[in-house]
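Below is start.pdb, which holds PDB, C-alpha atoms and all ligand atoms.
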ATOM      1  CA  MET A 150     -20.123 -21.410 -26.885
ATOM      2  CA  LYS A 151     -18.851 -17.923 -27.780
ATOM      3  CA  LYS A 152     -17.620 -15.842 -24.821
ATOM      4  CA  GLU A 153     -19.514 -12.609 -24.250
ATOM      5  CA  ILE A 154     -17.568  -9.426 -24.897
ATOM      6  CA  SER A 155     -17.186  -7.434 -21.695
ATOM      7  CA  LYS A 156     -18.606  -3.909 -21.611
ATOM      8  CA  PHE A 157     -15.463  -2.948 -19.684
ATOM      9  CA  LYS A 158     -13.235  -3.985 -22.603
ATOM     10  CA  ILE A 159     -15.359  -1.940 -25.021
ATOM     11  CA  TYR A 160     -15.257   1.062 -22.660
ATOM     12  CA  GLU A 161     -11.457   0.897 -22.428
ATOM     13  CA  GLU A 162     -11.047   0.766 -26.202
ATOM     14  CA  SER A 163     -13.594   3.475 -26.858
ATOM     15  CA  VAL A 164     -12.656   5.985 -24.154
ATOM     16  CA  GLN A 165      -9.239   5.510 -22.593
ATOM     17  CA  SER A 166      -5.621   6.214 -23.628
ATOM     18  CA  PRO A 167      -3.676   5.019 -20.565
ATOM     19  CA  ARG A 168      -0.260   4.781 -22.223
ATOM     20  CA  TRP A 169      -0.365   8.450 -23.154
ATOM     21  CA  GLN A 170      -1.437   9.426 -19.628
ATOM     22  CA  VAL A 171       1.385   7.599 -17.851
ATOM     23  CA  GLU A 172       4.054   8.771 -20.284
ATOM     24  CA  TYR A 173       2.922  12.371 -20.704
ATOM     25  CA  LEU A 174       1.559  13.597 -17.380
ATOM     26  CA  PRO A 175       4.491  12.683 -15.073
ATOM     27  CA  GLN A 176       6.673  15.090 -17.088
ATOM     28  CA  PHE A 177       4.644  17.902 -15.535
ATOM     29  CA  HIS A 178       5.198  16.393 -12.073
ATOM     30  CA  THR A 179       8.969  16.514 -12.689
ATOM     31  CA  TRP A 180       8.719  20.050 -14.052
ATOM     32  CA  LEU A 181       6.735  21.190 -10.998
ATOM     33  CA  VAL A 182       8.591  19.501  -8.138
ATOM     34  CA  GLY A 183      11.920  18.431  -9.646
ATOM     35  CA  THR A 184      11.680  14.676  -8.980
ATOM     36  CA  LYS A 185      10.548  11.666 -10.988
ATOM     37  CA  PRO A 186       7.416  10.051  -9.527
ATOM     38  CA  THR A 187       7.290   6.307  -8.857
ATOM     39  CA  ALA A 188       4.390   5.725  -6.427
ATOM     40  CA  MET A 189       1.046   6.449  -8.098
ATOM     41  CA  ARG A 190      -2.554   6.274  -6.889
ATOM     42  CA  GLU A 191      -5.325   6.064  -9.461
ATOM     43  CA  ASP A 192      -8.598   7.342  -8.010
ATOM     44  CA  PHE A 193     -11.949   6.121  -9.396
ATOM     45  CA  SER A 194      -9.700   3.493 -10.990
ATOM     46  CA  GLY A 195     -12.425   1.479 -12.734
ATOM     47  CA  THR A 196     -10.706  -1.380 -14.563
ATOM     48  CA  GLY A 197      -7.318  -0.055 -13.469
ATOM     49  CA  LEU A 198      -5.807   0.289 -16.915
ATOM     50  CA  ILE A 199      -3.772   3.369 -15.991
ATOM     51  CA  SER A 200      -2.265   1.644 -12.930
ATOM     52  CA  CYS A 201      -1.335  -1.375 -15.051
ATOM     53  CA  GLU A 202       0.344   0.809 -17.686
ATOM     54  CA  TRP A 203       2.249   2.666 -14.956
ATOM     55  CA  VAL A 204       3.871  -0.469 -13.519
ATOM     56  CA  LYS A 205       4.754  -1.679 -17.033
ATOM     57  CA  LEU A 206       6.683   1.529 -17.698
ATOM     58  CA  SER A 207       9.441   1.002 -15.085
ATOM     59  CA  LYS A 208      10.478  -1.589 -12.485
ATOM     60  CA  LYS A 209      10.563   1.247  -9.946
ATOM     61  CA  ASN A 210       6.887   2.111 -10.429
ATOM     62  CA  ARG A 211       4.115   1.089  -8.028
ATOM     63  CA  ALA A 212       0.396   1.728  -8.324
ATOM     64  CA  VAL A 213      -2.682   1.530  -6.129
ATOM     65  CA  GLY A 214      -6.153   1.891  -7.648
ATOM     66  CA  LEU A 215      -9.213   2.856  -5.591
ATOM     67  CA  ASP A 216     -12.761   2.072  -6.634
ATOM     68  CA  LEU A 217     -16.001   1.179  -4.883
ATOM     69  CA  ASP A 218     -17.594  -1.123  -7.423
ATOM     70  CA  LEU A 219     -16.898  -4.830  -6.893
ATOM     71  CA  GLU A 220     -17.672  -5.948 -10.466
ATOM     72  CA  THR A 221     -15.266  -3.333 -11.843
ATOM     73  CA  LEU A 222     -12.561  -4.238  -9.315
ATOM     74  CA  LYS A 223     -12.972  -7.912 -10.226
ATOM     75  CA  TYR A 224     -12.342  -7.050 -13.883
ATOM     76  CA  ALA A 225      -9.312  -4.938 -12.894
ATOM     77  CA  ASN A 226      -7.808  -7.882 -10.990
ATOM     78  CA  GLU A 227      -8.849 -10.830 -13.099
ATOM     79  CA  VAL A 228      -8.290  -9.331 -16.541
ATOM     80  CA  ASN A 229      -5.928  -6.350 -16.480
ATOM     81  CA  ARG A 230      -3.720  -7.229 -13.496
ATOM     82  CA  ALA A 231      -3.704 -10.896 -14.505
ATOM     83  CA  ALA A 232      -2.306  -9.949 -17.939
ATOM     84  CA  LEU A 233       0.843  -8.451 -16.345
ATOM     85  CA  ASN A 234       4.036 -10.405 -15.647
ATOM     86  CA  SER A 235       4.719 -11.450 -12.056
ATOM     87  CA  SER A 236       7.035  -8.513 -11.227
ATOM     88  CA  GLU A 237       4.427  -6.050 -12.504
ATOM     89  CA  GLN A 238       1.611  -7.806 -10.659
ATOM     90  CA  LYS A 239       3.478  -7.434  -7.358
ATOM     91  CA  ARG A 240       3.630  -3.672  -7.878
ATOM     92  CA  VAL A 241      -0.062  -3.006  -8.465
ATOM     93  CA  THR A 242      -2.956  -3.313  -6.010
ATOM     94  CA  PHE A 243      -6.642  -2.540  -6.375
ATOM     95  CA  LEU A 244      -8.586  -1.646  -3.243
ATOM     96  CA  LYS A 245     -12.286  -1.330  -2.597
ATOM     97  CA  GLN A 246     -12.019   2.025  -0.941
ATOM     98  CA  ASP A 247     -13.806   5.363  -1.006
ATOM     99  CA  VAL A 248     -11.526   8.106  -2.351
ATOM    100  CA  MET A 249     -12.944  10.312   0.411
ATOM    101  CA  LYS A 250     -10.781   8.405   2.915
ATOM    102  CA  PRO A 251      -7.033   9.119   2.991
ATOM    103  CA  THR A 252      -4.815   6.095   2.337
ATOM    104  CA  LYS A 253      -2.143   5.118   4.885
ATOM    105  CA  GLU A 254       0.388   4.869   2.074
ATOM    106  CA  LYS A 255       1.570   8.187   0.684
ATOM    107  CA  PHE A 256       2.053   8.722  -3.043
ATOM    108  CA  ASP A 257       4.141  10.866  -5.397
ATOM    109  CA  TRP A 258       1.183  11.515  -7.654
ATOM    110  CA  ILE A 259      -2.522  10.872  -7.520
ATOM    111  CA  GLY A 260      -4.822  11.157 -10.539
ATOM    112  CA  ALA A 261      -8.579  11.316 -11.121
ATOM    113  CA  TYR A 262      -9.296  10.833 -14.825
ATOM    114  CA  ASN A 263     -12.251  11.141 -17.169
ATOM    115  CA  PHE A 264     -13.991  13.760 -15.018
ATOM    116  CA  SER A 265     -14.770  11.105 -12.387
ATOM    117  CA  PHE A 266     -14.762  13.637  -9.557
ATOM    118  CA  TYR A 267     -17.837  15.286 -11.162
ATOM    119  CA  THR A 268     -19.687  12.573  -9.218
ATOM    120  CA  PHE A 269     -19.386  14.922  -6.209
ATOM    121  CA  HIS A 270     -22.179  17.471  -6.457
ATOM    122  CA  GLU A 271     -21.557  19.537  -3.359
ATOM    123  CA  ARG A 272     -18.660  21.896  -2.699
ATOM    124  CA  LYS A 273     -18.124  20.496   0.782
ATOM    125  CA  GLN A 274     -17.831  16.958  -0.618
ATOM    126  CA  LEU A 275     -15.225  18.097  -3.129
ATOM    127  CA  LEU A 276     -13.307  19.898  -0.388
ATOM    128  CA  LYS A 277     -13.356  16.752   1.759
ATOM    129  CA  TYR A 278     -12.062  14.692  -1.190
ATOM    130  CA  PHE A 279      -9.266  17.168  -1.946
ATOM    131  CA  LYS A 280      -8.242  17.224   1.741
ATOM    132  CA  ALA A 281      -8.116  13.411   1.746
ATOM    133  CA  VAL A 282      -5.893  13.471  -1.364
ATOM    134  CA  HIS A 283      -3.665  16.146   0.196
ATOM    135  CA  LYS A 284      -3.130  13.859   3.240
ATOM    136  CA  SER A 285      -2.346  10.898   0.983
ATOM    137  CA  LEU A 286       0.450  12.666  -0.914
ATOM    138  CA  LYS A 287       4.160  12.812  -0.064
ATOM    139  CA  SER A 288       5.480  16.324   0.581
ATOM    140  CA  LYS A 289       6.530  16.724  -3.073
ATOM    141  CA  GLY A 290       3.298  15.173  -4.300
ATOM    142  CA  THR A 291       1.045  16.294  -7.136
ATOM    143  CA  PHE A 292      -2.621  15.714  -7.881
ATOM    144  CA  PHE A 293      -3.909  15.556 -11.475
ATOM    145  CA  LEU A 294      -7.601  16.152 -12.188
ATOM    146  CA  GLU A 295      -8.973  15.722 -15.699
ATOM    147  CA  LEU A 296     -11.822  18.101 -16.563
ATOM    148  CA  SER A 297     -14.092  18.661 -19.523
ATOM    149  CA  GLY A 298     -16.427  21.592 -20.063
ATOM    150  CA  GLY A 299     -17.721  24.334 -22.302
ATOM    151  CA  GLU A 300     -21.137  24.814 -23.900
ATOM    152  CA  GLY A 301     -20.548  21.740 -26.067
ATOM    153  CA  PHE A 302     -20.212  19.544 -22.980
ATOM    154  CA  LYS A 303     -23.452  20.891 -21.534
ATOM    155  CA  GLU A 304     -25.755  20.845 -24.569
ATOM    156  CA  THR A 305     -28.169  18.007 -25.295
ATOM    157  CA  THR A 306     -26.466  16.016 -28.016
ATOM    158  CA  GLN A 307     -24.935  12.721 -28.980
ATOM    159  CA  GLU A 308     -21.733  11.723 -30.665
ATOM    160  CA  MET A 309     -21.112   8.485 -32.521
ATOM    161  CA  LYS A 310     -17.726   6.863 -32.875
ATOM    162  CA  ARG A 311     -16.665   3.744 -34.836
ATOM    163  CA  PHE A 312     -13.686   1.706 -33.747
ATOM    164  CA  THR A 313     -12.223  -1.766 -34.166
ATOM    165  CA  ILE A 314     -11.036  -4.006 -31.357
ATOM    166  CA  PRO A 315      -8.402  -6.365 -32.782
ATOM    167  CA  GLY A 316      -9.674  -9.945 -32.692
ATOM    168  CA  LEU A 317     -13.204  -8.905 -31.694
ATOM    169  CA  GLY A 318     -14.472  -6.827 -34.617
ATOM    170  CA  LYS A 319     -16.089  -3.508 -35.408
ATOM    171  CA  PHE A 320     -17.909  -1.516 -32.729
ATOM    172  CA  GLN A 321     -19.759   1.752 -32.356
ATOM    173  CA  SER A 322     -20.184   3.885 -29.290
ATOM    174  CA  ILE A 323     -22.666   6.666 -28.711
ATOM    175  CA  TRP A 324     -21.880   9.285 -26.091
ATOM    176  CA  GLN A 325     -25.186  10.875 -25.091
ATOM    177  CA  GLN A 326     -25.542  14.148 -23.199
ATOM    178  CA  HIS A 327     -28.961  14.732 -21.669
ATOM    179  CA  GLN A 328     -30.509  17.975 -20.453
ATOM    180  CA  TYR A 329     -28.146  20.282 -18.556
ATOM    181  CA  ASP A 330     -29.683  22.142 -15.628
ATOM    182  CA  PRO A 331     -28.099  25.610 -15.384
ATOM    183  CA  ILE A 332     -29.394  26.116 -11.852
ATOM    184  CA  SER A 333     -27.872  23.020 -10.265
ATOM    185  CA  SER A 334     -25.066  22.587 -12.866
ATOM    186  CA  LEU A 335     -26.065  18.914 -13.075
ATOM    187  CA  ASN A 336     -26.406  16.743 -16.158
ATOM    188  CA  HIS A 337     -26.906  13.080 -17.059
ATOM    189  CA  TYR A 338     -24.595  11.343 -19.497
ATOM    190  CA  SER A 339     -24.682   7.849 -20.932
ATOM    191  CA  ILE A 340     -22.658   5.666 -23.211
ATOM    192  CA  HIS A 341     -24.139   2.987 -25.473
ATOM    193  CA  PHE A 342     -22.245   0.352 -27.453
ATOM    194  CA  LYS A 343     -23.100  -1.474 -30.673
ATOM    195  CA  LEU A 344     -21.496  -4.916 -30.891
ATOM    196  CA  PRO A 345     -20.140  -6.539 -34.087
ATOM    197  CA  ASN A 346     -23.316  -8.740 -34.234
ATOM    198  CA  GLY A 347     -25.485  -5.596 -34.431
ATOM    199  CA  LYS A 348     -26.818  -5.837 -30.853
ATOM    200  CA  TRP A 349     -26.798  -2.743 -28.671
ATOM    201  CA  ILE A 350     -25.792  -2.420 -25.021
ATOM    202  CA  ASN A 351     -27.871   0.616 -24.072
ATOM    203  CA  ASP A 352     -26.755   2.637 -21.064
ATOM    204  CA  ALA A 353     -23.637   0.506 -20.682
ATOM    205  CA  PHE A 354     -22.428   3.258 -18.348
ATOM    206  CA  THR A 355     -24.374   6.227 -16.998
ATOM    207  CA  TYR A 356     -23.205   9.263 -15.074
ATOM    208  CA  HIS A 357     -24.922  11.962 -13.066
ATOM    209  CA  TRP A 358     -22.403  14.760 -12.925
ATOM    210  CA  ARG A 359     -21.980  18.263 -11.631
ATOM    211  CA  ILE A 360     -20.047  20.265 -14.197
ATOM    212  CA  TRP A 361     -17.291  21.909 -12.192
ATOM    213  CA  GLU A 362     -15.464  24.918 -13.635
ATOM    214  CA  ILE A 363     -11.672  25.235 -13.594
ATOM    215  CA  ARG A 364     -11.621  28.318 -11.422
ATOM    216  CA  GLU A 365     -13.749  26.861  -8.642
ATOM    217  CA  VAL A 366     -11.707  23.620  -8.671
ATOM    218  CA  ARG A 367      -8.505  25.638  -8.209
ATOM    219  CA  GLU A 368     -10.060  27.591  -5.358
ATOM    220  CA  ILE A 369     -11.186  24.428  -3.573
ATOM    221  CA  LEU A 370      -7.750  22.833  -4.035
ATOM    222  CA  GLU A 371      -6.156  25.850  -2.410
ATOM    223  CA  GLU A 372      -8.666  25.697   0.424
ATOM    224  CA  ALA A 373      -7.764  22.030   0.899
ATOM    225  CA  GLY A 374      -4.108  22.999   1.452
ATOM    226  CA  PHE A 375      -2.509  22.718  -1.996
ATOM    227  CA  LYS A 376       0.139  25.430  -2.219
ATOM    228  CA  LYS A 377      -0.046  25.906  -5.961
ATOM    229  CA  THR A 378      -2.311  24.928  -8.836
ATOM    230  CA  VAL A 379      -1.487  24.790 -12.530
ATOM    231  CA  VAL A 380      -3.846  24.451 -15.480
ATOM    232  CA  LEU A 381      -2.776  22.312 -18.417
ATOM    233  CA  TRP A 382      -4.916  23.563 -21.294
ATOM    234  CA  GLU A 383      -5.375  21.441 -24.406
ATOM    235  CA  ASN A 384      -3.663  22.530 -27.620
ATOM    236  CA  ALA A 385      -6.269  23.820 -30.120
ATOM    237  CA  ASP A 386      -5.256  21.034 -32.491
ATOM    238  CA  GLU A 387      -6.954  18.163 -30.632
ATOM    239  CA  ASP A 388      -4.997  15.529 -32.561
ATOM    240  CA  ALA A 389      -1.744  16.874 -31.120
ATOM    241  CA  ASP A 390      -2.649  15.440 -27.677
ATOM    242  CA  GLU A 391      -0.654  18.241 -26.170
ATOM    243  CA  TYR A 392      -1.387  20.333 -23.079
ATOM    244  CA  LEU A 393       0.348  23.529 -22.049
ATOM    245  CA  PRO A 394       0.461  25.318 -18.699
ATOM    246  CA  GLN A 395      -1.642  28.447 -19.222
ATOM    247  CA  GLU A 396      -3.257  31.131 -17.091
ATOM    248  CA  GLN A 397      -5.623  32.263 -19.866
ATOM    249  CA  GLY A 398      -7.563  29.986 -22.166
ATOM    250  CA  ASP A 399      -8.857  30.705 -25.652
ATOM    251  CA  TYR A 400     -12.645  30.283 -25.921
ATOM    252  CA  ARG A 401     -13.778  26.795 -26.961
ATOM    253  CA  ARG A 402     -17.222  25.275 -27.276
ATOM    254  CA  ASP A 403     -15.675  22.103 -25.832
ATOM    255  CA  TRP A 404     -12.527  21.907 -23.859
ATOM    256  CA  LEU A 405     -10.374  19.400 -22.021
ATOM    257  CA  ALA A 406      -7.902  20.377 -19.338
ATOM    258  CA  TYR A 407      -5.970  19.044 -16.375
ATOM    259  CA  VAL A 408      -5.810  20.961 -13.139
ATOM    260  CA  VAL A 409      -2.728  20.013 -11.141
ATOM    261  CA  GLY A 410      -2.492  20.631  -7.420
ATOM    262  CA  VAL A 411       1.009  20.840  -5.933
ATOM    263  CA  LYS A 412       1.075  19.853  -2.269
ATOM    264  CA  SER A 413       3.998  22.035  -1.110
ATOM    265  CA  GLY A 414       5.094  25.447  -2.301
ATOM    266  CA  SER A 415       8.501  25.922  -3.912
TER     267      SER A 415
HETATM  268  C1  LIG B   1     -16.091   7.181 -14.939
HETATM  269  S1  LIG B   1     -15.555   5.698 -14.107
HETATM  270  C2  LIG B   1     -13.836   5.946 -14.301
HETATM  271  C3  LIG B   1     -13.139   4.848 -15.031
HETATM  272  C4  LIG B   1     -11.685   5.141 -15.354
HETATM  273  N1  LIG B   1     -10.950   5.613 -14.188
HETATM  274  C5  LIG B   1     -11.518   6.158 -16.462
HETATM  275  O1  LIG B   1     -10.733   7.099 -16.279
HETATM  276  O2  LIG B   1     -12.120   6.032 -17.518
HETATM  277  C6  LIG B   1     -15.863   6.116 -12.432
HETATM  278  C7  LIG B   1     -15.502   5.031 -11.400
HETATM  279  O3  LIG B   1     -15.481   5.673 -10.120
HETATM  280  C8  LIG B   1     -15.956   4.748  -9.141
HETATM  281  N2  LIG B   1     -16.350   5.567  -7.975
HETATM  282  C9  LIG B   1     -17.429   6.411  -7.848
HETATM  283  N3  LIG B   1     -17.423   7.014  -6.638
HETATM  284  C10 LIG B   1     -16.302   6.578  -5.984
HETATM  285  C11 LIG B   1     -15.738   6.855  -4.704
HETATM  286  N4  LIG B   1     -16.317   7.720  -3.849
HETATM  287  N5  LIG B   1     -14.583   6.222  -4.358
HETATM  288  C12 LIG B   1     -13.985   5.358  -5.209
HETATM  289  N6  LIG B   1     -14.475   5.057  -6.449
HETATM  290  C13 LIG B   1     -15.623   5.646  -6.825
HETATM  291  C14 LIG B   1     -17.064   4.009  -9.853
HETATM  292  O4  LIG B   1     -17.293   2.762  -9.251
HETATM  293  C15 LIG B   1     -16.494   3.896 -11.279
HETATM  294  O5  LIG B   1     -15.830   2.676 -11.480
END
Take the structure I supplied and represent it as structure tokens, if you would.
Ligand SMILES: C[S@@+](CC[C@H](N)C(=O)[O-])C[C@H]1O[C@@H](n2cnc3c(N)ncnc32)[C@H](O)[C@@H]1O
Amino acid sequence: MKKEISKFKIYEESVQSPRWQVEYLPQFHTWLVGTKPTAMREDFSGTGLISCEWVKLSKKNRAVGLDLDLETLKYANEVNRAALNSSEQKRVTFLKQDVMKPTKEKFDWIGAYNFSFYTFHERKQLLKYFKAVHKSLKSKGTFFLELSGGEGFKETTQEMKRFTIPGLGKFQSIWQQHQYDPISSLNHYSIHFKLPNGKWINDAFTYHWRIWEIREVREILEEAGFKKTVVLWENADEDADEYLPQEQGDYRRDWLAYVVGVKSGS
């Protein structure tokens, strides 16, 4: 009997670029605080791909991923962690834990990718989360938040993408944006996948997000105790995969950015 293709595998191939994240982003940590990070926490870790890439990069690296969903954590452990060698496996752990709760272990850098923190709709929830991260960082720690926004991220639309997964075949994904509510700043998003046999997985993943703006995120980080925040703004040439620290952004219909919180001032 043919094994079913996991929706998590399709998600990873369609959405994520973990190697780039673990090679590129820590350079900004070093630039900001002058040390090379080794201990990483991946918040909203999902299948934990970023944590697994981080421990592959150096024998010094350790990673802890936090997620609440048992099925996702099972995939992280039984597929992604299991694919690592034994030294790498010893250096990565996935915990069923709410990111709202500080971890006992303290980290050099903590990241929340793919706009996952948009799951918090209220300012006081976001403040509580940022305070919990602040407590979980070492004194020279940094916190990376990935954001998306602009009119293009709010409008009702869908975007189709074709991609191939080696050994599994040709896939399509549709990213669907529903109706944005300008009063609450909330919107629904969903992702659908078309399998090589022509079958669709509708609503493979769905999100109910508040669209946070960069400025308010910086303000809340400062309120949570972060001494400095930096915005990494995407290069206009999207294919360059390059972000630059900027205090003013050029207008875009769609934008991607990282906001970095630095725990201690220099
Ligand atoms: C959009 S997925 C992120 C997957 C992956 N990190 C990525 O960057 O593509 C969001 C994940 O956050 C988890 N999650 C939602 N609320 C959480 C919370 N309060 N604490 C920990 N994990 C949470 C969900 O279970 C889900 O797996």
Write out as CSV the residues of chain A that have any atom within 8 Å of an atom of ligand LIG 1 (chain B), one row each with the nearest atom pair and its distance in Å to one decimal, counting all atoms listed in the file, sorted by chain and then rising number.
residue,atom,partner,partner_atom,distance
A:Tyr160,CA,B:LIG1,O2,7.8
A:Glu161,CA,B:LIG1,O2,7.1
A:Val164,CA,B:LIG1,O2,6.7
A:Gln165,CA,B:LIG1,O2,5.9
A:Glu191,CA,B:LIG1,N1,7.4
A:Asp192,CA,B:LIG1,C12,6.4
A:Phe193,CA,B:LIG1,O3,3.6
A:Ser194,CA,B:LIG1,N1,4.0
A:Gly195,CA,B:LIG1,O5,3.8
A:Thr196,CA,B:LIG1,C4,6.6
A:Gly197,CA,B:LIG1,N1,6.8
A:Leu198,CA,B:LIG1,C4,7.8
A:Ile199,CA,B:LIG1,N1,7.7
A:Leu215,CA,B:LIG1,C12,5.4
A:Asp216,CA,B:LIG1,N6,3.4
A:Leu217,CA,B:LIG1,N6,4.5
A:Asp218,CA,B:LIG1,O4,4.3
A:Leu219,CA,B:LIG1,O4,8.0
A:Thr221,CA,B:LIG1,O5,6.0
A:Leu222,CA,B:LIG1,O5,7.9
A:Lys245,CA,B:LIG1,C12,7.4
A:Gln246,CA,B:LIG1,C12,5.8
A:Asp247,CA,B:LIG1,N5,3.5
A:Val248,CA,B:LIG1,N5,4.1
A:Met249,CA,B:LIG1,N4,6.0
A:Ala261,CA,B:LIG1,N1,6.9
A:Tyr262,CA,B:LIG1,O1,4.3
A:Asn263,CA,B:LIG1,O1,4.4
A:Phe264,CA,B:LIG1,C1,6.9
A:Ser265,CA,B:LIG1,C1,4.9
A:Phe266,CA,B:LIG1,N3,7.7
A:Thr268,CA,B:LIG1,N3,6.5
A:Tyr356,CA,B:LIG1,C1,7.4
Could you spell out the hits of the PyMOL selection byres (((chain A and resi 166-177) around 10) and not hetatm) on the shown file, as a ChimeraX atom specification? /A:161-165,178-187,189,197-206,257-258,260,262,291,293,379,381,390-394,407,409
Residues from last step as file, C-alpha atoms, as an mmCIF file, in the coordinates of the input:
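part21.cif, written as the output of this step:
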data_model
loop_
_atom_site.group_PDB
_atom_site.id
_atom_site.type_symbol
_atom_site.label_atom_id
_atom_site.label_comp_id
_atom_site.auth_asym_id
_atom_site.auth_seq_id
_atom_site.Cartn_x
_atom_site.Cartn_y
_atom_site.Cartn_z
ATOM 1 C CA GLU A 161 -11.457 0.897 -22.428
ATOM 2 C CA GLU A 162 -11.047 0.766 -26.202
ATOM 3 C CA SER A 163 -13.594 3.475 -26.858
ATOM 4 C CA VAL A 164 -12.656 5.985 -24.154
ATOM 5 C CA GLN A 165 -9.239 5.510 -22.593
ATOM 6 C CA HIS A 178 5.198 16.393 -12.073
ATOM 7 C CA THR A 179 8.969 16.514 -12.689
ATOM 8 C CA TRP A 180 8.719 20.050 -14.052
ATOM 9 C CA LEU A 181 6.735 21.190 -10.998
ATOM 10 C CA VAL A 182 8.591 19.501 -8.138
ATOM 11 C CA GLY A 183 11.920 18.431 -9.646
ATOM 12 C CA THR A 184 11.680 14.676 -8.980
ATOM 13 C CA LYS A 185 10.548 11.666 -10.988
ATOM 14 C CA PRO A 186 7.416 10.051 -9.527
ATOM 15 C CA THR A 187 7.290 6.307 -8.857
ATOM 16 C CA MET A 189 1.046 6.449 -8.098
ATOM 17 C CA GLY A 197 -7.318 -0.055 -13.469
ATOM 18 C CA LEU A 198 -5.807 0.289 -16.915
ATOM 19 C CA ILE A 199 -3.772 3.369 -15.991
ATOM 20 C CA SER A 200 -2.265 1.644 -12.930
ATOM 21 C CA CYS A 201 -1.335 -1.375 -15.051
ATOM 22 C CA GLU A 202 0.344 0.809 -17.686
ATOM 23 C CA TRP A 203 2.249 2.666 -14.956
ATOM 24 C CA VAL A 204 3.871 -0.469 -13.519
ATOM 25 C CA LYS A 205 4.754 -1.679 -17.033
ATOM 26 C CA LEU A 206 6.683 1.529 -17.698
ATOM 27 C CA ASP A 257 4.141 10.866 -5.397
ATOM 28 C CA TRP A 258 1.183 11.515 -7.654
ATOM 29 C CA GLY A 260 -4.822 11.157 -10.539
ATOM 30 C CA TYR A 262 -9.296 10.833 -14.825
ATOM 31 C CA THR A 291 1.045 16.294 -7.136
ATOM 32 C CA PHE A 293 -3.909 15.556 -11.475
ATOM 33 C CA VAL A 379 -1.487 24.790 -12.530
ATOM 34 C CA LEU A 381 -2.776 22.312 -18.417
ATOM 35 C CA ASP A 390 -2.649 15.440 -27.677
ATOM 36 C CA GLU A 391 -0.654 18.241 -26.170
ATOM 37 C CA TYR A 392 -1.387 20.333 -23.079
ATOM 38 C CA LEU A 393 0.348 23.529 -22.049
ATOM 39 C CA PRO A 394 0.461 25.318 -18.699
ATOM 40 C CA TYR A 407 -5.970 19.044 -16.375
ATOM 41 C CA VAL A 409 -2.728 20.013 -11.141
#
Specify as a ChimeraX atom specification each residue included when the PyMOL selection byres (((chain A and resi 306) around 7) and not hetatm) is applied to this file. /A:304-305,307-308,325-327
Each side padded by 4 Å, which centre and which edge lengths in Å (one decimal) define the axis-aligned box around the listed atoms of stretch 368-371 of chain A? Give them as JSON.
{"center_x": -8.7, "center_y": 25.2, "center_z": -3.9, "size_x": 13.0, "size_y": 12.8, "size_z": 10.9}
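Residue nearest A:Phe312 within the list A:Phe157, A:Leu335, A:Thr242, A:Phe342: A:Phe342 [criterion: smallest interatomic distance, all atoms listed in the file].
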Nearest to A:Glu295, chosen from A:Tyr329, A:Trp361, A:Tyr278, A:Phe256, with all atoms listed in the file counted in the distances: A:Trp361
Since I can't run it myself right now, could you work out what the PyMOL selection byres (((chain A and resi 355) around 7) and not hetatm) selects here and report it as a PyMOL selection string? chain A and resi 338-340+352-354+356-357
Atom pair atom CA of A:Leu296 + atom CA of A:Phe375, distance 17.9 Å
Identify, on the basis of all atoms listed in the file, every residue whose closest approach to A:Phe279 does not exceed 9 Å; exclude the query and any residue fewer than 3 positions from it along the same chain; express the result as a PyMOL selection string. chain A and resi 249+274-276+282-284+369-370+372-375
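As for atom CA of A:Ile314 and atom CA of A:Leu233, they are spaced 19.7 Å apart.
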